[in-house]
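Below: target_32.pdb (PDB, C-alpha atoms and all ligand atoms)
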```pdb
ATOM      1  CA  MET Y 632       0.000   0.000   0.000
ATOM      2  CA  THR Y 633       1.327   3.429  -0.828
ATOM      3  CA  SER Y 634       1.102   6.333   1.558
ATOM      4  CA  LYS Y 635       1.514  10.073   1.403
ATOM      5  CA  PHE Y 636       4.945   9.610   3.013
ATOM      6  CA  ASP Y 637       6.533   7.282   0.473
ATOM      7  CA  ASN Y 638       9.319   8.843  -1.615
ATOM      8  CA  LYS Y 639       9.866  11.754   0.733
ATOM      9  CA  THR Y 640      13.486  12.855   0.981
ATOM     10  CA  THR Y 641      13.256  16.017   3.054
ATOM     11  CA  TRP Y 642      11.753  16.783   6.448
ATOM     12  CA  LEU Y 643      11.345  20.417   7.452
ATOM     13  CA  PHE Y 644      10.726  21.309  11.061
ATOM     14  CA  ASP Y 645       9.614  24.596  12.502
ATOM     15  CA  LEU Y 646      11.288  25.152  15.886
ATOM     16  CA  ASP Y 647       9.217  27.063  18.464
ATOM     17  CA  ASN Y 648       6.050  25.416  19.724
ATOM     18  CA  THR Y 649       6.517  22.604  17.195
ATOM     19  CA  LEU Y 650       9.491  20.660  18.579
ATOM     20  CA  TYR Y 651       8.497  21.469  22.160
ATOM     21  CA  SER Y 652       5.186  22.210  23.821
ATOM     22  CA  PRO Y 653       3.891  25.798  24.004
ATOM     23  CA  ASP Y 654       3.047  24.967  27.643
ATOM     24  CA  LEU Y 655       6.756  25.243  28.538
ATOM     25  CA  GLY Y 656       6.485  29.006  28.213
ATOM     26  CA  ILE Y 657       9.603  29.483  26.076
ATOM     27  CA  PHE Y 658       7.962  31.616  23.442
ATOM     28  CA  LYS Y 659       6.055  33.586  26.064
ATOM     29  CA  GLN Y 660       9.375  34.840  27.423
ATOM     30  CA  ILE Y 661      10.402  36.027  23.964
ATOM     31  CA  ASP Y 662       7.063  37.776  23.592
ATOM     32  CA  VAL Y 663       7.714  39.789  26.754
ATOM     33  CA  LYS Y 664      11.268  40.612  25.630
ATOM     34  CA  MET Y 665       9.991  41.911  22.290
ATOM     35  CA  LYS Y 666       7.580  44.226  24.035
ATOM     36  CA  ARG Y 667      10.413  45.579  26.224
ATOM     37  CA  PHE Y 668      12.698  46.055  23.254
ATOM     38  CA  ILE Y 669      10.093  48.080  21.343
ATOM     39  CA  SER Y 670       9.222  50.160  24.384
ATOM     40  CA  LYS Y 671      12.897  51.049  24.913
ATOM     41  CA  GLU Y 672      13.798  51.490  21.261
ATOM     42  CA  LEU Y 673      10.763  53.576  20.190
ATOM     43  CA  LYS Y 674      10.342  55.258  23.588
ATOM     44  CA  VAL Y 675       6.695  54.262  23.989
ATOM     45  CA  SER Y 676       4.757  52.703  26.875
ATOM     46  CA  GLU Y 677       4.704  48.910  27.188
ATOM     47  CA  LYS Y 678       1.045  48.962  26.249
ATOM     48  CA  GLN Y 679       1.747  50.841  23.016
ATOM     49  CA  ALA Y 680       4.771  48.648  22.403
ATOM     50  CA  PHE Y 681       2.581  45.554  22.630
ATOM     51  CA  GLN Y 682       0.164  46.965  20.053
ATOM     52  CA  ILE Y 683       3.006  47.737  17.638
ATOM     53  CA  GLN Y 684       4.495  44.289  18.233
ATOM     54  CA  LYS Y 685       1.262  42.477  17.413
ATOM     55  CA  LYS Y 686       0.461  44.686  14.422
ATOM     56  CA  PHE Y 687       3.843  43.943  12.816
ATOM     57  CA  TYR Y 688       3.592  40.268  13.675
ATOM     58  CA  LYS Y 689       0.168  40.024  12.089
ATOM     59  CA  ASN Y 690       1.062  42.011   8.975
ATOM     60  CA  TYR Y 691       4.487  40.556   8.203
ATOM     61  CA  GLY Y 692       4.976  37.277  10.069
ATOM     62  CA  THR Y 693       7.578  38.698  12.441
ATOM     63  CA  THR Y 694       7.697  41.800  14.601
ATOM     64  CA  LEU Y 695      11.294  42.269  13.467
ATOM     65  CA  TYR Y 696      10.335  42.735   9.820
ATOM     66  CA  GLY Y 697       8.063  45.677  10.690
ATOM     67  CA  LEU Y 698      10.706  47.203  12.956
ATOM     68  CA  MET Y 699      13.308  46.997  10.176
ATOM     69  CA  LYS Y 700      10.906  48.397   7.594
ATOM     70  CA  TYR Y 701       9.551  51.333   9.574
ATOM     71  CA  HIS Y 702      12.099  52.016  12.324
ATOM     72  CA  ASN Y 703      15.405  50.959  10.835
ATOM     73  CA  THR Y 704      16.005  48.568  13.721
ATOM     74  CA  ASP Y 705      19.290  46.648  13.736
ATOM     75  CA  PRO Y 706      18.146  43.010  13.401
ATOM     76  CA  GLU Y 707      21.166  41.619  15.250
ATOM     77  CA  GLU Y 708      20.551  43.863  18.242
ATOM     78  CA  PHE Y 709      16.891  42.851  18.333
ATOM     79  CA  LEU Y 710      17.572  39.118  18.000
ATOM     80  CA  LYS Y 711      20.222  39.157  20.699
ATOM     81  CA  PHE Y 712      17.903  40.947  23.101
ATOM     82  CA  VAL Y 713      14.728  38.901  22.577
ATOM     83  CA  HIS Y 714      16.431  35.508  22.569
ATOM     84  CA  ASN Y 715      18.163  36.089  25.878
ATOM     85  CA  ILE Y 716      15.795  33.861  27.851
ATOM     86  CA  ASP Y 717      15.768  30.989  30.339
ATOM     87  CA  PHE Y 718      15.926  27.568  28.648
ATOM     88  CA  THR Y 719      15.731  25.405  31.780
ATOM     89  CA  ASN Y 720      12.173  24.210  31.056
ATOM     90  CA  LEU Y 721      13.436  22.336  28.015
ATOM     91  CA  LYS Y 722      14.626  18.808  28.775
ATOM     92  CA  LYS Y 723      16.571  16.345  26.668
ATOM     93  CA  CYS Y 724      14.242  14.005  24.804
ATOM     94  CA  GLU Y 725      15.880  10.843  23.489
ATOM     95  CA  ASP Y 726      12.565   9.567  22.121
ATOM     96  CA  LEU Y 727      12.200  12.678  19.949
ATOM     97  CA  ARG Y 728      15.825  12.436  18.788
ATOM     98  CA  LYS Y 729      15.432   8.801  17.717
ATOM     99  CA  LYS Y 730      12.137   9.395  15.949
ATOM    100  CA  ILE Y 731      13.456  12.317  13.926
ATOM    101  CA  LYS Y 732      16.698  10.490  13.148
ATOM    102  CA  ASN Y 733      14.780   7.462  11.844
ATOM    103  CA  LEU Y 734      12.973   9.438   9.145
ATOM    104  CA  PRO Y 735      14.358   8.500   5.731
ATOM    105  CA  GLY Y 736      16.145  11.534   4.290
ATOM    106  CA  LYS Y 737      17.520  14.892   5.320
ATOM    107  CA  LYS Y 738      16.117  16.968   8.150
ATOM    108  CA  PHE Y 739      16.238  20.754   8.376
ATOM    109  CA  ILE Y 740      15.126  23.360  10.889
ATOM    110  CA  TYR Y 741      13.111  26.205   9.346
ATOM    111  CA  THR Y 742      12.711  29.068  11.808
ATOM    112  CA  ASN Y 743      12.039  32.805  12.029
ATOM    113  CA  GLY Y 744      14.546  32.890  14.907
ATOM    114  CA  ASN Y 745      18.297  33.116  14.467
ATOM    115  CA  TYR Y 746      20.879  30.341  14.241
ATOM    116  CA  GLU Y 747      22.356  30.813  17.724
ATOM    117  CA  TYR Y 748      18.949  30.651  19.374
ATOM    118  CA  ALA Y 749      17.903  27.587  17.365
ATOM    119  CA  LYS Y 750      21.128  25.869  18.409
ATOM    120  CA  LYS Y 751      20.355  26.534  22.087
ATOM    121  CA  ILE Y 752      16.874  25.045  21.751
ATOM    122  CA  LEU Y 753      18.173  21.985  19.891
ATOM    123  CA  ASN Y 754      20.983  21.463  22.408
ATOM    124  CA  SER Y 755      18.530  21.727  25.301
ATOM    125  CA  LEU Y 756      16.333  19.069  23.674
ATOM    126  CA  GLY Y 757      19.391  16.943  22.850
ATOM    127  CA  ILE Y 758      18.501  16.711  19.158
ATOM    128  CA  THR Y 759      21.147  18.936  17.493
ATOM    129  CA  ASN Y 760      22.995  16.270  15.514
ATOM    130  CA  VAL Y 761      19.993  14.877  13.616
ATOM    131  CA  PHE Y 762      19.604  17.993  11.469
ATOM    132  CA  SER Y 763      21.597  18.734   8.316
ATOM    133  CA  ASP Y 764      21.215  22.480   8.742
ATOM    134  CA  ILE Y 765      19.249  25.313  10.331
ATOM    135  CA  PHE Y 766      17.558  27.676   7.867
ATOM    136  CA  ASP Y 767      17.266  30.743  10.065
ATOM    137  CA  ILE Y 768      16.037  34.299   9.573
ATOM    138  CA  ARG Y 769      19.492  35.484   8.470
ATOM    139  CA  LYS Y 770      19.691  32.862   5.720
ATOM    140  CA  ALA Y 771      16.226  34.068   4.632
ATOM    141  CA  ASN Y 772      17.592  37.645   4.421
ATOM    142  CA  PHE Y 773      15.157  38.542   7.216
ATOM    143  CA  PHE Y 774      12.113  37.698   5.077
ATOM    144  CA  PRO Y 775      10.006  35.731   7.566
ATOM    145  CA  LYS Y 776       7.520  32.916   7.241
ATOM    146  CA  PRO Y 777       4.761  33.014   6.002
ATOM    147  CA  MET Y 778       6.184  35.146   3.147
ATOM    148  CA  LYS Y 779       6.667  33.128  -0.032
ATOM    149  CA  THR Y 780      10.111  34.709  -0.496
ATOM    150  CA  SER Y 781      11.271  32.926   2.641
ATOM    151  CA  LEU Y 782      10.190  29.453   1.527
ATOM    152  CA  ASN Y 783      11.494  30.023  -2.005
ATOM    153  CA  LYS Y 784      14.897  30.952  -0.616
ATOM    154  CA  LEU Y 785      14.984  27.807   1.479
ATOM    155  CA  ILE Y 786      14.047  25.556  -1.450
ATOM    156  CA  LYS Y 787      16.673  27.198  -3.662
ATOM    157  CA  ASN Y 788      19.339  27.171  -0.960
ATOM    158  CA  TYR Y 789      19.238  23.378  -0.554
ATOM    159  CA  ASN Y 790      18.050  22.574  -4.077
ATOM    160  CA  LEU Y 791      14.918  20.823  -2.773
ATOM    161  CA  VAL Y 792      12.028  19.223  -4.639
ATOM    162  CA  PRO Y 793       8.706  20.394  -3.095
ATOM    163  CA  LYS Y 794       6.788  17.154  -3.648
ATOM    164  CA  GLU Y 795       9.488  15.256  -1.725
ATOM    165  CA  ILE Y 796       9.160  17.501   1.339
ATOM    166  CA  VAL Y 797       7.146  17.073   4.536
ATOM    167  CA  TYR Y 798       6.829  20.234   6.641
ATOM    168  CA  PHE Y 799       5.775  20.477  10.315
ATOM    169  CA  ASP Y 800       4.642  23.808  11.827
ATOM    170  CA  ASP Y 801       2.383  24.893  14.697
ATOM    171  CA  LEU Y 802       1.086  27.922  12.748
ATOM    172  CA  ASP Y 803      -1.295  26.974   9.962
ATOM    173  CA  LYS Y 804      -0.676  30.237   8.072
ATOM    174  CA  ASN Y 805       2.955  29.150   7.612
ATOM    175  CA  LEU Y 806       1.805  25.963   5.888
ATOM    176  CA  LYS Y 807      -0.219  27.632   3.156
ATOM    177  CA  SER Y 808       2.486  28.555   0.635
ATOM    178  CA  ALA Y 809       4.154  25.196   1.274
ATOM    179  CA  PHE Y 810       0.941  23.320   0.499
ATOM    180  CA  LEU Y 811       0.394  25.333  -2.683
ATOM    181  CA  LYS Y 812       3.861  24.251  -3.856
ATOM    182  CA  GLY Y 813       3.016  20.578  -3.369
ATOM    183  CA  ILE Y 814       4.721  20.106   0.001
ATOM    184  CA  THR Y 815       2.978  17.732   2.442
ATOM    185  CA  THR Y 816       1.913  19.834   5.433
ATOM    186  CA  ILE Y 817       1.550  18.795   9.058
ATOM    187  CA  HIS Y 818      -0.018  21.094  11.603
ATOM    188  CA  ILE Y 819       1.176  20.492  15.182
ATOM    189  CA  SER Y 820      -1.620  21.871  17.315
ATOM    190  CA  LYS Y 821      -4.146  21.082  20.018
ATOM    191  CA  ASP Y 822      -6.658  23.105  18.023
ATOM    192  CA  ASN Y 823      -9.869  21.102  17.507
ATOM    193  CA  SER Y 824     -11.470  23.353  14.912
ATOM    194  CA  LYS Y 825     -11.851  22.389  11.269
ATOM    195  CA  LYS Y 826      -8.538  22.166   9.407
ATOM    196  CA  SER Y 827      -7.750  24.662   6.637
ATOM    197  CA  SER Y 828      -7.705  23.107   3.187
ATOM    198  CA  TYR Y 829      -3.912  23.508   3.063
ATOM    199  CA  ILE Y 830      -3.279  21.273   6.077
ATOM    200  CA  ASP Y 831      -2.765  17.627   5.096
ATOM    201  CA  PHE Y 832      -2.574  16.304   8.666
ATOM    202  CA  ARG Y 833      -2.935  17.681  12.162
ATOM    203  CA  PHE Y 834      -1.439  16.170  15.327
ATOM    204  CA  ARG Y 835      -1.448  17.304  18.910
ATOM    205  CA  THR Y 836       2.296  16.765  19.358
ATOM    206  CA  ILE Y 837       5.353  16.194  17.203
ATOM    207  CA  ILE Y 838       5.744  12.716  18.756
ATOM    208  CA  ASN Y 839       2.207  11.787  17.635
ATOM    209  CA  ALA Y 840       3.003  12.968  14.118
ATOM    210  CA  LEU Y 841       6.279  11.023  13.948
ATOM    211  CA  ASP Y 842       4.621   7.845  15.267
ATOM    212  CA  MET Y 843       1.920   8.038  12.614
ATOM    213  CA  ILE Y 844       4.470   8.588   9.837
ATOM    214  CA  ARG Y 845       6.600   5.648  11.045
ATOM    215  CA  ASN Y 846       3.504   3.499  11.005
ATOM    216  CA  LYS Y 847       2.556   4.512   7.467
ATOM    217  CA  LEU Y 848       6.101   3.919   6.239
ATOM    218  CA  GLU Y 849       6.205   0.425   7.708
ATOM    219  CA  HIS Y 850       2.941  -0.753   6.165
TER     220      HIS Y 850
HETATM  221 MG    MG R 901       6.359  27.827  15.659
END
```

Show me this structure written as structure tokens.
Ligand SMILES: [Mg+2]
Amino acid sequence: MTSKFDNKTTWLFDLDNTLYSPDLGIFKQIDVKMKRFISKELKVSEKQAFQIQKKFYKNYGTTLYGLMKYHNTDPEEFLKFVHNIDFTNLKKCEDLRKKIKNLPGKKFIYTNGNYEYAKKILNSLGITNVFSDIFDIRKANFFPKPMKTSLNKLIKNYNLVPKEIVYFDDLDKNLKSAFLKGITTIHISKDNSKKSSYIDFRFRTIINALDMIRNKLEH
């Protein structure tokens, strides 16, 4: 029997809230740091800073993109500040490492964060060495997901074939352009509402997704 996962050669993983649970509060810390950065940098109240943060995030995919576009913010300064967080909630997960490693083909991280931050997350989870590379926001020239430019750069950078790719992300809007290119899309979410048409599968956790794929590949 054939499955949607036969003949896949490339496995793309979002980082935050996909490879670890949102309940660990990692991304929440970054959210607070972003608000502080904007408040300091633009000399506005934290309340105003929060509104600016969310507006940019909604319009462009990252707060940073809006800050660069309208306020000439130095991306390196911003990234260093917002990623300076406490990682102790993340624990090594041998099960996750094995399950990712066992997928047939190359594995990449695809994140709107920077390389150094992604490395810290992967090291904390004990899964660094299973990935061929980290496609971070710098490699994307600061064009964030869900912009098509970002995904196109990634595909070109590694010379990938869309129909051979499986992509995991916790944000369904990031999956849309991937789906339209013929990439198999997996939404990692506890959301129970109806799936968008550009989500092929939805799982509550990355482990659930990897177990299902293993199962399909073995039968
Ligand atoms: Mg994410």

Once the PyMOL selection byres (((not hetatm)) within 6 of (chain R and resi 901)) is applied to the coordinates I shared, what remains selected? I want it as a PyMOL selection string.
chain Y and resi 645-649+800-801

May I have the selected residues written with C-alpha atoms, as a compact mmCIF listing (two decimals), in the coordinates of the input?
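Produced file again39.txt, reproduced below:
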```
# COMPACT_ATOMS: atom_id res chain seq x y z
CA ASP Y 645 9.61 24.60 12.50
CA LEU Y 646 11.29 25.15 15.89
CA ASP Y 647 9.22 27.06 18.46
CA ASN Y 648 6.05 25.42 19.72
CA THR Y 649 6.52 22.60 17.20
CA ASP Y 800 4.64 23.81 11.83
CA ASP Y 801 2.38 24.89 14.70
```

Non-local contacts of Lys722 (chain Y) (12 Å; all atoms listed in the file; under 4 positions in same chain excluded) as an MDAnalysis selection string:
chainID Y and resid 650:652 655 718 726:728 751:758

Residue with the minimum atom-to-atom distance to Pro793 (chain Y), picked from Y:Asn703, Y:Thr759, Y:Thr693, Y:Thr640 with only C-alpha atoms counted, is Y:Thr640

Which residues come within 12 Å of Glu708 (chain Y), counting only C-alpha atoms, excluding same-chain residues fewer than 5 positions away, as a PDB file with C-alpha atoms, in the coordinates of the input?
```pdb
ATOM      1  CA  MET Y 665       9.991  41.911  22.290  1.00  0.00           C
ATOM      2  CA  PHE Y 668      12.698  46.055  23.254  1.00  0.00           C
ATOM      3  CA  ILE Y 669      10.093  48.080  21.343  1.00  0.00           C
ATOM      4  CA  GLU Y 672      13.798  51.490  21.261  1.00  0.00           C
ATOM      5  CA  LEU Y 695      11.294  42.269  13.467  1.00  0.00           C
ATOM      6  CA  LEU Y 698      10.706  47.203  12.956  1.00  0.00           C
ATOM      7  CA  MET Y 699      13.308  46.997  10.176  1.00  0.00           C
ATOM      8  CA  ASN Y 703      15.405  50.959  10.835  1.00  0.00           C
ATOM      9  CA  VAL Y 713      14.728  38.901  22.577  1.00  0.00           C
ATOM     10  CA  HIS Y 714      16.431  35.508  22.569  1.00  0.00           C
ATOM     11  CA  ASN Y 715      18.163  36.089  25.878  1.00  0.00           C
ATOM     12  CA  ASN Y 745      18.297  33.116  14.467  1.00  0.00           C
TER      13      ASN Y 745
END
```

Running the PyMOL selection byres (((chain Y and resi 828-842) around 8) and not hetatm) on this model by hand, what would come out? Give it as a PDB file with C-alpha atoms, keeping the file's coordinate frame.
```
ATOM      1  CA  THR Y 649       6.517  22.604  17.195  1.00  0.00           C
ATOM      2  CA  LEU Y 650       9.491  20.660  18.579  1.00  0.00           C
ATOM      3  CA  TYR Y 651       8.497  21.469  22.160  1.00  0.00           C
ATOM      4  CA  SER Y 652       5.186  22.210  23.821  1.00  0.00           C
ATOM      5  CA  LEU Y 727      12.200  12.678  19.949  1.00  0.00           C
ATOM      6  CA  LYS Y 730      12.137   9.395  15.949  1.00  0.00           C
ATOM      7  CA  ILE Y 731      13.456  12.317  13.926  1.00  0.00           C
ATOM      8  CA  ASP Y 803      -1.295  26.974   9.962  1.00  0.00           C
ATOM      9  CA  LEU Y 806       1.805  25.963   5.888  1.00  0.00           C
ATOM     10  CA  LYS Y 807      -0.219  27.632   3.156  1.00  0.00           C
ATOM     11  CA  PHE Y 810       0.941  23.320   0.499  1.00  0.00           C
ATOM     12  CA  LEU Y 811       0.394  25.333  -2.683  1.00  0.00           C
ATOM     13  CA  THR Y 815       2.978  17.732   2.442  1.00  0.00           C
ATOM     14  CA  THR Y 816       1.913  19.834   5.433  1.00  0.00           C
ATOM     15  CA  ILE Y 817       1.550  18.795   9.058  1.00  0.00           C
ATOM     16  CA  HIS Y 818      -0.018  21.094  11.603  1.00  0.00           C
ATOM     17  CA  ILE Y 819       1.176  20.492  15.182  1.00  0.00           C
ATOM     18  CA  SER Y 820      -1.620  21.871  17.315  1.00  0.00           C
ATOM     19  CA  LYS Y 821      -4.146  21.082  20.018  1.00  0.00           C
ATOM     20  CA  ASP Y 822      -6.658  23.105  18.023  1.00  0.00           C
ATOM     21  CA  LYS Y 826      -8.538  22.166   9.407  1.00  0.00           C
ATOM     22  CA  SER Y 827      -7.750  24.662   6.637  1.00  0.00           C
ATOM     23  CA  MET Y 843       1.920   8.038  12.614  1.00  0.00           C
ATOM     24  CA  ILE Y 844       4.470   8.588   9.837  1.00  0.00           C
ATOM     25  CA  ARG Y 845       6.600   5.648  11.045  1.00  0.00           C
ATOM     26  CA  ASN Y 846       3.504   3.499  11.005  1.00  0.00           C
TER      27      ASN Y 846
END
```

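Distances from Y:Ile716, Y:Ile786, Y:Leu721, Y:Val675 to Asp654 (chain Y) were compared using all atoms listed in the file, and the smallest one belongs to Y:Leu721.
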
With the PyMOL selection byres (((chain Y and resi 762) around 9) and not hetatm) as the selection, what would be picked from this file? Answer as an NGL selection string, please.
:Y and (731-732 or 737-740 or 758-761 or 763-765)

CA of Tyr746 (chain Y) to CA of Cys724 (chain Y), straight-line distance in Å
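Straight-line distance from CA of Cys724 (chain Y) to CA of Tyr746 (chain Y) works out to 20.6 Å.
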
Pick out the closest residue to Glu795 (chain Y) from this set: Y:Gly656, Y:Lys664, Y:Trp642, Y:Ser634. Count all atoms listed in the file.
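The closest residue to Glu795 (chain Y) is Y:Trp642.
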
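The smallest atom-to-atom distance between Ser781 (chain Y) and any of Y:Ile814, Y:Ala809, Y:Ala749, Y:Leu673, using only C-alpha atoms, is found for Y:Ala809.
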
Taking into account only C-alpha atoms, which residue in the set Y:Ser808, Y:Ala771, Y:Gln684, Y:Asn743 is nearest to Ser670 (chain Y)?
Y:Gln684

Please measure the separation of CA of Leu785 (chain Y) and CA of Tyr741 (chain Y), giving the value in Å to one decimal.
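We find that CA of Leu785 (chain Y) and CA of Tyr741 (chain Y) lie 8.2 Å from each other.
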
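Our summary of the geometry notes that CA of Asn690 (chain Y) is positioned 17.3 Å from CA of Gly744 (chain Y).
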
Set up a box along x, y and z of the file covering all listed atoms of region 637-644 of chain Y, add 3 Å on every one of the six sides, and write the centre and edge lengths in Å to one decimal, as AutoDock Vina command-line options.
```
--center_x 10.0 --center_y 14.3 --center_z 4.7 --size_x 13.0 --size_y 20.0 --size_z 18.7
```

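Closest approach to Ile661 (chain Y) among Y:Leu710, Y:Leu802, Y:Leu848, Y:Leu643: Y:Leu710, based on all atoms listed in the file.
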